[in-house]
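So this block is coords15.tsv, TSV, C-alpha atoms and all ligand atoms:
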chain	number	residue	atom	x	y	z
A	111	MET	CA	1.24	44.59	28.62
A	112	LEU	CA	3.98	45.00	31.20
A	113	THR	CA	7.46	46.05	29.98
A	114	TYR	CA	10.73	47.06	31.56
A	115	THR	CA	11.69	50.29	29.85
A	116	TYR	CA	14.76	52.50	29.46
A	117	ILE	CA	13.52	55.91	30.65
A	118	GLU	CA	16.77	57.91	30.71
A	119	LYS	CA	20.39	57.49	31.75
A	120	GLY	CA	20.40	55.73	35.12
A	121	LYS	CA	16.70	54.84	35.05
A	122	PHE	CA	14.70	51.80	33.94
A	123	ALA	CA	11.05	51.37	35.00
A	124	LEU	CA	8.08	49.03	34.69
A	125	VAL	CA	5.78	50.60	32.11
A	126	GLU	CA	2.50	49.46	30.54
A	127	LYS	CA	2.59	49.48	26.73
A	128	PRO	CA	0.27	48.13	24.04
A	129	LYS	CA	0.99	44.61	22.80
A	130	PRO	CA	3.26	44.77	19.72
A	131	LYS	CA	1.81	44.23	16.26
A	132	ILE	CA	3.23	42.87	13.02
A	133	ILE	CA	4.64	45.80	11.03
A	134	ALA	CA	6.55	44.08	8.22
A	135	PRO	CA	5.71	40.74	6.56
A	136	THR	CA	9.00	39.35	7.90
A	137	ASP	CA	8.05	40.09	11.54
A	138	ALA	CA	6.93	37.64	14.19
A	139	ILE	CA	5.33	38.29	17.55
A	140	VAL	CA	6.68	36.08	20.31
A	141	ARG	CA	5.05	35.59	23.71
A	142	VAL	CA	8.02	35.75	26.03
A	143	THR	CA	8.01	32.78	28.42
A	144	MET	CA	11.43	33.50	29.94
A	145	SER	CA	13.95	36.31	29.62
A	146	SER	CA	17.18	37.25	31.28
A	147	ILE	CA	19.23	40.27	32.27
A	148	CYS	CA	22.55	40.84	30.53
A	149	THR	CA	25.48	43.04	31.47
A	150	SER	CA	24.74	44.97	28.25
A	151	ASP	CA	21.41	46.00	29.80
A	152	LEU	CA	23.42	47.59	32.59
A	153	HIS	CA	25.62	49.31	30.00
A	154	ILE	CA	22.43	50.86	28.56
A	155	LYS	CA	21.30	51.88	32.02
A	156	HIS	CA	24.66	53.55	32.69
A	157	GLY	CA	24.50	55.46	29.44
A	158	SER	CA	27.46	53.72	27.80
A	159	VAL	CA	25.47	52.52	24.78
A	160	PRO	CA	24.91	55.78	22.87
A	161	ARG	CA	22.72	54.13	20.23
A	162	ALA	CA	20.24	52.90	22.84
A	163	VAL	CA	16.97	54.78	22.41
A	164	PRO	CA	15.17	56.09	25.52
A	165	GLY	CA	11.64	54.72	25.74
A	166	ILE	CA	12.46	51.28	24.36
A	167	THR	CA	11.73	48.09	26.26
A	168	VAL	CA	15.05	46.55	27.29
A	169	GLY	CA	16.05	42.88	27.22
A	170	HIS	CA	17.66	40.90	24.43
A	171	GLU	CA	17.94	37.39	25.89
A	172	MET	CA	14.70	35.49	25.75
A	173	VAL	CA	12.78	32.43	24.73
A	174	GLY	CA	9.10	32.21	23.96
A	175	VAL	CA	6.28	30.90	21.83
A	176	VAL	CA	5.46	32.18	18.35
A	177	GLU	CA	2.10	33.93	18.63
A	178	GLU	CA	1.75	35.58	15.23
A	179	VAL	CA	3.80	35.66	12.01
A	180	GLY	CA	3.96	37.94	8.99
A	181	SER	CA	3.19	36.57	5.52
A	182	GLU	CA	6.87	36.06	4.63
A	183	VAL	CA	7.89	34.16	7.76
A	184	THR	CA	8.54	30.54	6.80
A	185	ASN	CA	11.14	29.38	9.31
A	186	VAL	CA	8.77	29.07	12.27
A	187	ARG	CA	5.07	28.41	12.80
A	188	LEU	CA	2.47	29.50	15.32
A	189	GLY	CA	2.97	27.71	18.61
A	190	ASP	CA	6.64	26.92	18.01
A	191	ARG	CA	8.92	27.31	21.02
A	192	VAL	CA	11.82	29.53	19.96
A	193	THR	CA	14.98	31.24	21.05
A	194	VAL	CA	15.24	34.89	20.02
A	195	ASN	CA	18.55	36.02	18.58
A	196	VAL	CA	20.12	39.15	20.09
A	197	GLU	CA	20.95	40.18	16.55
A	198	THR	CA	18.62	41.08	13.76
A	199	PHE	CA	20.02	40.19	10.36
A	200	CYS	CA	18.77	39.92	6.81
A	201	GLY	CA	20.80	36.91	5.67
A	202	GLU	CA	21.29	38.51	2.25
A	203	CYS	CA	23.69	41.46	2.46
A	204	PHE	CA	27.47	41.26	1.96
A	205	PHE	CA	28.20	40.90	5.69
A	206	CYS	CA	25.46	38.33	6.33
A	207	LYS	CA	26.65	36.22	3.39
A	208	ASN	CA	30.13	36.22	4.94
A	209	GLY	CA	28.76	35.19	8.35
A	210	ASN	CA	29.35	38.64	9.86
A	211	VAL	CA	25.72	39.07	10.83
A	212	ASN	CA	26.59	41.58	13.54
A	213	ASN	CA	27.39	44.00	10.73
A	214	CYS	CA	24.21	43.37	8.74
A	215	THR	CA	23.41	46.53	6.77
A	216	ASP	CA	19.63	46.23	7.22
A	217	LEU	CA	18.09	49.19	9.04
A	218	ASN	CA	17.49	46.92	12.04
A	219	GLY	CA	20.72	44.98	11.49
A	220	GLY	CA	22.95	44.04	14.44
A	221	TRP	CA	21.92	44.55	18.04
A	222	ALA	CA	18.53	46.26	17.74
A	223	LEU	CA	16.26	44.36	20.14
A	224	GLY	CA	16.20	45.95	23.57
A	225	CYS	CA	18.54	48.69	22.35
A	226	ARG	CA	17.14	50.52	19.33
A	227	ILE	CA	13.74	48.76	19.21
A	228	ASP	CA	11.57	47.20	21.92
A	229	GLY	CA	13.12	44.09	23.47
A	230	GLY	CA	12.10	41.14	25.56
A	231	GLN	CA	11.83	42.09	29.22
A	232	ALA	CA	8.13	42.20	28.51
A	233	GLU	CA	5.20	39.91	27.93
A	234	TYR	CA	5.51	40.04	24.12
A	235	VAL	CA	8.16	41.08	21.66
A	236	ARG	CA	8.10	41.88	17.96
A	237	VAL	CA	11.03	40.19	16.22
A	238	PRO	CA	11.94	41.71	12.83
A	239	LEU	CA	13.47	39.48	10.13
A	240	ALA	CA	12.12	36.51	12.06
A	241	ASN	CA	13.33	33.92	9.52
A	242	GLN	CA	16.86	34.63	10.71
A	243	GLY	CA	16.15	35.82	14.27
A	244	LEU	CA	14.20	32.84	15.62
A	245	ASN	CA	15.37	29.27	16.14
A	246	ARG	CA	13.07	26.41	17.06
A	247	ILE	CA	13.84	24.81	20.43
A	248	PRO	CA	13.96	20.99	20.25
A	249	ASP	CA	11.13	19.37	22.26
A	250	SER	CA	13.51	17.77	24.76
A	251	VAL	CA	15.19	21.12	25.57
A	252	SER	CA	13.60	23.24	28.32
A	253	ASP	CA	13.21	27.03	28.34
A	254	GLU	CA	15.93	27.30	30.99
A	255	GLN	CA	18.29	25.15	28.93
A	256	ALA	CA	17.70	27.37	25.89
A	257	LEU	CA	17.50	30.75	27.64
A	258	LEU	CA	21.05	31.88	26.96
A	259	VAL	CA	21.32	30.58	23.38
A	260	GLY	CA	20.50	33.82	21.57
A	261	ASP	CA	23.00	36.08	23.28
A	262	VAL	CA	25.51	35.12	25.91
A	263	LEU	CA	25.94	31.52	24.77
A	264	ALA	CA	26.05	32.59	21.12
A	265	THR	CA	28.81	34.97	22.20
A	266	GLY	CA	30.69	32.14	23.90
A	267	PHE	CA	30.38	29.93	20.85
A	268	TRP	CA	31.47	32.68	18.47
A	269	ALA	CA	34.40	33.74	20.67
A	270	ALA	CA	35.68	30.16	20.94
A	271	ARG	CA	35.33	29.77	17.16
A	272	ILE	CA	37.19	32.94	16.15
A	273	SER	CA	39.94	32.23	18.70
A	274	GLU	CA	40.95	29.19	16.62
A	275	VAL	CA	41.54	27.04	19.71
A	276	THR	CA	43.46	23.78	19.09
A	277	GLU	CA	44.19	20.76	21.29
A	278	GLU	CA	47.77	21.97	21.80
A	279	ASP	CA	46.73	25.28	23.31
A	280	THR	CA	46.84	26.83	26.73
A	281	VAL	CA	43.78	29.06	26.77
A	282	LEU	CA	43.41	31.94	29.21
A	283	ILE	CA	39.93	33.32	29.85
A	284	ILE	CA	39.87	36.59	31.78
A	285	GLY	CA	36.55	37.02	33.59
A	286	ALA	CA	34.21	34.30	34.87
A	287	GLY	CA	30.93	36.17	34.74
A	288	PRO	CA	28.09	34.73	32.65
A	289	THR	CA	29.81	35.44	29.32
A	290	GLY	CA	33.15	34.14	30.56
A	291	ILE	CA	31.58	30.89	31.72
A	292	CYS	CA	29.72	30.49	28.41
A	293	ILE	CA	33.04	31.02	26.64
A	294	LEU	CA	34.59	28.43	28.95
A	295	LEU	CA	31.88	25.89	28.03
A	296	CYS	CA	32.48	26.46	24.32
A	297	VAL	CA	36.28	26.42	24.63
A	298	MET	CA	35.95	23.09	26.49
A	299	LEU	CA	34.30	21.64	23.37
A	300	LYS	CA	37.62	22.19	21.55
A	301	HIS	CA	39.59	20.14	24.14
A	302	PRO	CA	42.61	22.43	24.56
A	303	LYS	CA	45.57	21.19	26.60
A	304	ARG	CA	44.85	23.60	29.46
A	305	ILE	CA	42.28	26.20	30.36
A	306	ILE	CA	43.13	28.92	32.85
A	307	VAL	CA	40.39	31.16	34.16
A	308	CYS	CA	41.34	34.48	35.75
A	309	GLU	CA	38.63	35.93	37.99
A	310	LYS	CA	38.79	38.43	40.81
A	311	SER	CA	35.69	37.32	42.72
A	312	GLU	CA	36.40	34.46	45.07
A	313	GLU	CA	32.75	33.45	44.89
A	314	ARG	CA	32.93	33.08	41.11
A	315	ARG	CA	36.25	31.23	41.27
A	316	ARG	CA	34.52	28.80	43.63
A	317	PHE	CA	31.65	28.42	41.18
A	318	VAL	CA	34.07	27.48	38.39
A	319	GLU	CA	36.01	25.13	40.67
A	320	GLU	CA	32.83	23.39	41.72
A	321	HIS	CA	31.34	22.93	38.25
A	322	TYR	CA	34.46	22.58	36.05
A	323	PRO	CA	37.13	20.94	38.22
A	324	ASP	CA	39.67	20.53	35.36
A	325	VAL	CA	40.01	24.28	34.92
A	326	LEU	CA	42.99	26.10	36.49
A	327	LEU	CA	42.06	29.23	38.44
A	328	THR	CA	43.91	32.39	39.33
A	329	PRO	CA	43.04	35.82	40.72
A	330	PRO	CA	44.14	38.76	38.50
A	331	GLU	CA	47.03	39.82	40.74
A	332	ASP	CA	48.74	36.42	40.27
A	333	CYS	CA	47.62	35.89	36.69
A	334	LYS	CA	50.80	36.77	34.81
A	335	ASP	CA	53.06	34.53	36.91
A	336	PHE	CA	50.47	31.77	36.96
A	337	VAL	CA	50.12	31.73	33.18
A	338	LEU	CA	53.90	31.79	32.72
A	339	LYS	CA	54.23	28.80	35.03
A	340	ASN	CA	51.34	26.91	33.44
A	341	SER	CA	52.05	27.34	29.75
A	342	ASP	CA	54.61	25.90	27.36
A	343	HIS	CA	55.83	28.89	25.37
A	344	GLY	CA	56.06	31.85	27.71
A	345	GLY	CA	52.38	32.72	27.82
A	346	ALA	CA	48.93	31.63	26.76
A	347	ASP	CA	48.42	30.57	23.14
A	348	ARG	CA	44.93	31.99	23.17
A	349	VAL	CA	43.59	34.74	25.43
A	350	LEU	CA	39.93	35.67	25.65
A	351	GLU	CA	39.38	38.93	27.51
A	352	VAL	CA	35.84	39.07	28.81
A	353	ALA	CA	36.17	41.08	32.03
A	354	GLY	CA	36.25	44.60	30.62
A	355	ALA	CA	37.79	46.05	33.78
A	356	ASP	CA	40.26	48.96	33.80
A	357	ASP	CA	43.40	46.88	33.52
A	358	THR	CA	42.24	43.62	31.96
A	359	PHE	CA	42.99	44.60	28.37
A	360	ARG	CA	46.63	45.12	29.33
A	361	LEU	CA	46.60	41.88	31.31
A	362	ALA	CA	45.26	40.04	28.25
A	363	TRP	CA	48.08	40.92	25.87
A	364	GLU	CA	50.72	40.72	28.60
A	365	CYS	CA	49.72	37.11	29.33
A	366	ALA	CA	49.79	36.15	25.65
A	367	ARG	CA	52.82	34.37	24.18
A	368	PRO	CA	54.37	35.78	21.00
A	369	ASN	CA	52.13	35.18	17.96
A	370	ALA	CA	49.13	34.38	20.15
A	371	ILE	CA	45.54	35.28	19.33
A	372	VAL	CA	43.92	37.71	21.78
A	373	THR	CA	40.15	37.87	21.45
A	374	VAL	CA	38.50	40.87	23.09
A	375	VAL	CA	34.88	40.12	23.89
A	376	ALA	CA	34.50	42.69	26.68
A	377	LEU	CA	32.40	45.80	26.21
A	378	TYR	CA	34.35	48.58	27.94
A	379	ASP	CA	32.91	51.65	29.61
A	380	GLN	CA	36.10	53.56	28.72
A	381	PRO	CA	38.37	53.72	25.66
A	382	GLN	CA	41.35	51.37	25.87
A	383	VAL	CA	44.97	52.04	24.99
A	384	LEU	CA	46.81	49.81	22.54
A	385	PRO	CA	50.45	50.52	23.50
A	386	LEU	CA	52.10	49.31	20.32
A	387	PRO	CA	55.68	50.22	21.36
A	388	ASP	CA	55.33	48.03	24.48
A	389	MET	CA	54.10	45.04	22.49
A	390	TYR	CA	56.44	45.50	19.53
A	391	GLY	CA	57.82	42.19	18.30
A	392	LYS	CA	55.19	40.13	20.09
A	393	ASN	CA	53.33	39.86	16.77
A	394	LEU	CA	49.93	39.39	18.33
A	395	THR	CA	46.67	38.95	16.48
A	396	PHE	CA	43.75	40.84	18.04
A	397	LYS	CA	40.14	39.95	17.34
A	398	THR	CA	37.29	42.06	18.68
A	399	GLY	CA	33.60	41.55	19.63
A	400	GLY	CA	30.33	41.93	18.84
A	401	VAL	CA	29.08	38.46	18.43
A	402	ASP	CA	28.06	37.07	15.06
A	403	GLY	CA	25.10	35.12	16.42
A	404	CYS	CA	24.42	32.86	13.49
A	405	ASP	CA	25.19	29.47	15.06
A	406	CYS	CA	22.08	29.13	17.21
A	407	ASP	CA	20.77	25.96	15.54
A	408	GLU	CA	24.11	24.27	16.11
A	409	ILE	CA	24.18	25.46	19.73
A	410	LEU	CA	20.66	24.10	20.30
A	411	ARG	CA	21.78	20.74	18.93
A	412	LEU	CA	24.77	20.74	21.31
A	413	ILE	CA	22.36	21.39	24.20
A	414	GLU	CA	19.99	18.68	22.98
A	415	THR	CA	22.84	16.13	22.91
A	416	GLY	CA	24.08	17.15	26.36
A	417	LYS	CA	27.35	18.74	25.20
A	418	ILE	CA	26.53	22.19	26.58
A	419	ASP	CA	24.56	22.88	29.76
A	420	THR	CA	24.14	26.45	30.97
A	421	THR	CA	21.45	25.72	33.55
A	422	PRO	CA	23.87	25.93	36.51
A	423	LEU	CA	24.37	29.59	35.55
A	424	ILE	CA	20.73	30.42	36.24
A	425	THR	CA	20.95	31.08	39.94
A	426	HIS	CA	17.86	33.26	40.47
A	427	ARG	CA	14.29	33.43	39.20
A	428	PHE	CA	11.84	36.35	39.41
A	429	PRO	CA	8.48	37.24	37.86
A	430	LEU	CA	8.48	40.24	35.49
A	431	SER	CA	6.61	42.27	38.09
A	432	GLU	CA	9.63	41.92	40.40
A	433	ILE	CA	12.29	42.66	37.80
A	434	GLU	CA	13.59	45.68	39.72
A	435	GLU	CA	14.69	43.36	42.51
A	436	ALA	CA	16.25	41.04	39.93
A	437	TYR	CA	18.24	43.99	38.54
A	438	ARG	CA	19.32	45.03	42.03
A	439	ILE	CA	20.73	41.58	42.71
A	440	PHE	CA	22.31	41.20	39.24
A	441	GLU	CA	23.78	44.68	39.13
A	442	ASN	CA	25.32	44.46	42.61
A	443	LYS	CA	26.39	40.81	42.14
A	444	LEU	CA	24.59	39.84	45.37
A	445	ASP	CA	23.77	36.40	46.70
A	446	GLY	CA	26.11	34.48	44.34
A	447	VAL	CA	24.15	35.56	41.28
A	448	ILE	CA	25.36	34.53	37.83
A	449	LYS	CA	22.20	34.81	35.71
A	450	VAL	CA	18.62	35.69	36.55
A	451	ALA	CA	15.63	34.19	34.78
A	452	ILE	CA	12.57	36.42	34.48
A	453	VAL	CA	9.59	34.10	34.21
A	501	ZN	ZN	23.63	40.70	26.07
A	502	ZN	ZN	22.40	41.39	6.33
Please, can you express the file's structure as structure tokens?
Amino acid sequence: MLTYTYIEKGKFALVEKPKPKIIAPTDAIVRVTMSSICTSDLHIKHGSVPRAVPGITVGHEMVGVVEEVGSEVTNVRLGDRVTVNVETFCGECFFCKNGNVNNCTDLNGGWALGCRIDGGQAEYVRVPLANQGLNRIPDSVSDEQALLVGDVLATGFWAARISEVTEEDTVLIIGAGPTGICILLCVMLKHPKRIIVCEKSEERRRFVEEHYPDVLLTPPEDCKDFVLKNSDHGGADRVLEVAGADDTFRLAWECARPNAIVTVVALYDQPQVLPLPDMYGKNLTFKTGGVDGCDCDEILRLIETGKIDTTPLITHRFPLSEIEEAYRIFENKLDGVIKVAIV
């Protein structure tokens, strides 16, 4: 079967591999009907994910049809349409029981698919611990509607949840790429008083303006003043930093009011400085990412009932055989791309 494979730092390629087989009784084989490209794939390509294993098939955002299940898989049946979770988790260890599935202590726990084991930019994928890693897609929900559930939308949902957003809050979201917009959609479900989105690309600001007209928008250079002017207590009550640029971590805590929650979802290419003397007395609470992707059933229900719609984010579609072109467009942010569907 055709796969898109991490060869070495800086190089992915289309490679033929044998179709995956069930290895453990908790495995399932899923025929991938649609996958997507995530910024984390680019992080692997650029060598900034040290645990990524050369030779693995990349891709960790996908939906498909269950083709084969191991003897202990009870959550899904052959022929079910499913979303695949970016995270593999056992559901039984200390961290899983506390909802911190990203820190699952299983050998394959956490982000394994498309990083440490073969992922979903391929025709088929083996999903370990499938009882936890697969969620059935409701019949009325299309593949495109469900495509982002297992990763980027799960991240948005989780980030909005841990940020403890209330209806009194001014929420600042830094970065309106795919993850930032998914966070925006999930923050909107909490009905805060104001949402400010800071984004440097004019094209992406336009996208937000067009689709979510109630959101306030600012470019990074005006962000601090804008937030000060458009908040009630000298800064944002909640800040979600998604951009991961050189100076956005600083921007995030600078725009926060005293005692705010700053949630850092971004995956940085470089270490960041936490200048405690500069922020002394601000009494901030920092929360940091990796997503705990254990709310996928709830997210699918929100999609089914029309409360979340990520389909406007899917701006481009390519067959797997043309995935290199899809990467070129996604990586260089060409042609107004937000997300690409590989079909
Ligand atoms: Zn991802
Ligand atoms: Zn676990």
Contacts with ligand ZN 501 (chain A) at most 6 Å, all atoms listed in the file counted, listed as number ranges by chain: A: 148, 150, 261-262
Can you spit out the residues from that selection as a PDB file, in the coordinates of the input, using C-alpha atoms?
ATOM      1  CA  CYS A 148      22.550  40.840  30.530  1.00  0.00           C
ATOM      2  CA  SER A 150      24.740  44.970  28.250  1.00  0.00           C
ATOM      3  CA  ASP A 261      23.000  36.080  23.280  1.00  0.00           C
ATOM      4  CA  VAL A 262      25.510  35.120  25.910  1.00  0.00           C
TER       5      VAL A 262
END
Select, counting only C-alpha atoms, all protein, DNA and RNA residues no farther than 9 Å from (12.3, 35.0, 39.5) in file coordinates, and express the selection as a PDB file with C-alpha atoms, in the coordinates of the input.
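See selection-v9.pdb below for the written result:
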ATOM      1  CA  HIS A 426      17.860  33.260  40.470  1.00  0.00           C
ATOM      2  CA  ARG A 427      14.290  33.430  39.200  1.00  0.00           C
ATOM      3  CA  PHE A 428      11.840  36.350  39.410  1.00  0.00           C
ATOM      4  CA  PRO A 429       8.480  37.240  37.860  1.00  0.00           C
ATOM      5  CA  LEU A 430       8.480  40.240  35.490  1.00  0.00           C
ATOM      6  CA  GLU A 432       9.630  41.920  40.400  1.00  0.00           C
ATOM      7  CA  ILE A 433      12.290  42.660  37.800  1.00  0.00           C
ATOM      8  CA  ALA A 436      16.250  41.040  39.930  1.00  0.00           C
ATOM      9  CA  VAL A 450      18.620  35.690  36.550  1.00  0.00           C
ATOM     10  CA  ALA A 451      15.630  34.190  34.780  1.00  0.00           C
ATOM     11  CA  ILE A 452      12.570  36.420  34.480  1.00  0.00           C
ATOM     12  CA  VAL A 453       9.590  34.100  34.210  1.00  0.00           C
TER      13      VAL A 453
END
Contacts with ligand ZN 502 (chain A) at most 8 Å, only C-alpha atoms and all ligand atoms counted, listed as a VMD selection string: chain A and resid 199 to 207 211 213 to 216 219
Taking every listed atom of region 221-227 of chain A and adding 4 Å to each side, what centre and edge lengths in Å (one decimal) does the axis-aligned box have, as lines of an AutoDock Vina configuration file?
center_x = 17.8
center_y = 47.4
center_z = 20.7
size_x = 16.2
size_y = 14.2
size_z = 13.8
Region 311-327 of chain A environment, 12 Å, only C-alpha atoms, sequence neighbours closer than 4 positions dropped, as a PyMOL selection string: chain A and resi 280-288+290-292+294-295+297-298+301-307+331-333+336-337+339-341+353+419-423+425+443-448
Nearest residue to Thr143 (chain A) from the set A:Arg191, A:Arg246, A:Arg438, A:Lys310 (distances using all atoms listed in the file):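 Looking at the shortest contact to Thr143 (chain A), the residue is A:Arg191.
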Nearest to Glu364 (chain A), chosen from A:Glu274, A:Asp379, A:Asp402, A:Asp388, with only C-alpha atoms counted in the distances: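 Checking each candidate against Glu364 (chain A), we get A:Asp388 as the closest.
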Distance query Ala138 (chain A) at most 10 Å, all atoms listed in the file, self and fewer than 4 positions along chain excluded, as a list in words: Pro130, Lys131, Ile132, Ile133, Ala134, Val176, Glu177, Glu178, Val179, Gly180, Ser181, Glu182, Val183, Val186, Arg187, Leu188, Val235, Arg236, Val237, Pro238, Leu239, Ala240, Asn241, Gly243 and Leu244 of chain A
Counting all atoms listed in the file, the option among A:Asp190, A:Asp356, A:Glu233, A:Glu414 closest to Val259 (chain A): A:Glu414
Who sits within 10 Å of Val159 (chain A), all atoms listed in the file, same chain under 4 positions skipped, as a PyMOL selection string: chain A and resi 119+150-155+163+225+377+379
Dump of C-alpha atoms for the selected residues, as an mmCIF file, in the frame of the given file:
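out03.cif written:
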data_model
loop_
_atom_site.group_PDB
_atom_site.id
_atom_site.type_symbol
_atom_site.label_atom_id
_atom_site.label_comp_id
_atom_site.auth_asym_id
_atom_site.auth_seq_id
_atom_site.Cartn_x
_atom_site.Cartn_y
_atom_site.Cartn_z
ATOM 1 C CA LYS A 119 20.390 57.490 31.750
ATOM 2 C CA SER A 150 24.740 44.970 28.250
ATOM 3 C CA ASP A 151 21.410 46.000 29.800
ATOM 4 C CA LEU A 152 23.420 47.590 32.590
ATOM 5 C CA HIS A 153 25.620 49.310 30.000
ATOM 6 C CA ILE A 154 22.430 50.860 28.560
ATOM 7 C CA LYS A 155 21.300 51.880 32.020
ATOM 8 C CA VAL A 163 16.970 54.780 22.410
ATOM 9 C CA CYS A 225 18.540 48.690 22.350
ATOM 10 C CA LEU A 377 32.400 45.800 26.210
ATOM 11 C CA ASP A 379 32.910 51.650 29.610
#
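Reported to one decimal place, the separation of CA of Pro164 (chain A) from CA of Tyr116 (chain A) is 5.3 Å.
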Distance query 12 Å from (47.3, 45.0, 31.0) using all atoms listed in the file, result as a ChimeraX atom specification: /A:284,330-331,333-334,351,353-366,382-385,388-389
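With all atoms listed in the file as the atoms that count, the minimum distance from Trp268 (chain A) to the choices A:Asn369, A:Asn212, A:Thr198, A:Thr167 is reached by A:Asn212.
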Residue nearest Asn210 (chain A) - candidates A:Ala222, A:Leu410, A:Ile272, A:Val142, atoms counted: only C-alpha atoms: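 Checking each candidate against Asn210 (chain A), we get A:Ile272 as the closest.
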Which of A:Leu338, A:Val275, A:Ala162, A:Leu112 sits closest to Arg226 (chain A) [using all atoms listed in the file]: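 Nearest to Arg226 (chain A): A:Ala162.
Between CA of Gly209 (chain A) and CA of Gly403 (chain A) the separation is 8.9 Å.
CA of Phe396 (chain A) is found 25.7 Å from CA of Asn195 (chain A).
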I'd like the contact shell of Thr193 (chain A) - 9 Å cut-off, all atoms listed in the file, skipping same-chain residues fewer than 6 positions apart - returned as an mmCIF file with C-alpha atoms, in the frame of the given file.
data_model
loop_
_atom_site.group_PDB
_atom_site.id
_atom_site.type_symbol
_atom_site.label_atom_id
_atom_site.label_comp_id
_atom_site.auth_asym_id
_atom_site.auth_seq_id
_atom_site.Cartn_x
_atom_site.Cartn_y
_atom_site.Cartn_z
ATOM 1 C CA GLU A 171 17.940 37.390 25.890
ATOM 2 C CA MET A 172 14.700 35.490 25.750
ATOM 3 C CA VAL A 173 12.780 32.430 24.730
ATOM 4 C CA GLY A 174 9.100 32.210 23.960
ATOM 5 C CA VAL A 175 6.280 30.900 21.830
ATOM 6 C CA GLY A 243 16.150 35.820 14.270
ATOM 7 C CA LEU A 244 14.200 32.840 15.620
ATOM 8 C CA ASN A 245 15.370 29.270 16.140
ATOM 9 C CA ARG A 246 13.070 26.410 17.060
ATOM 10 C CA ILE A 247 13.840 24.810 20.430
ATOM 11 C CA ASP A 253 13.210 27.030 28.340
ATOM 12 C CA ALA A 256 17.700 27.370 25.890
ATOM 13 C CA LEU A 257 17.500 30.750 27.640
ATOM 14 C CA LEU A 258 21.050 31.880 26.960
ATOM 15 C CA VAL A 259 21.320 30.580 23.380
ATOM 16 C CA GLY A 260 20.500 33.820 21.570
ATOM 17 C CA CYS A 406 22.080 29.130 17.210
#
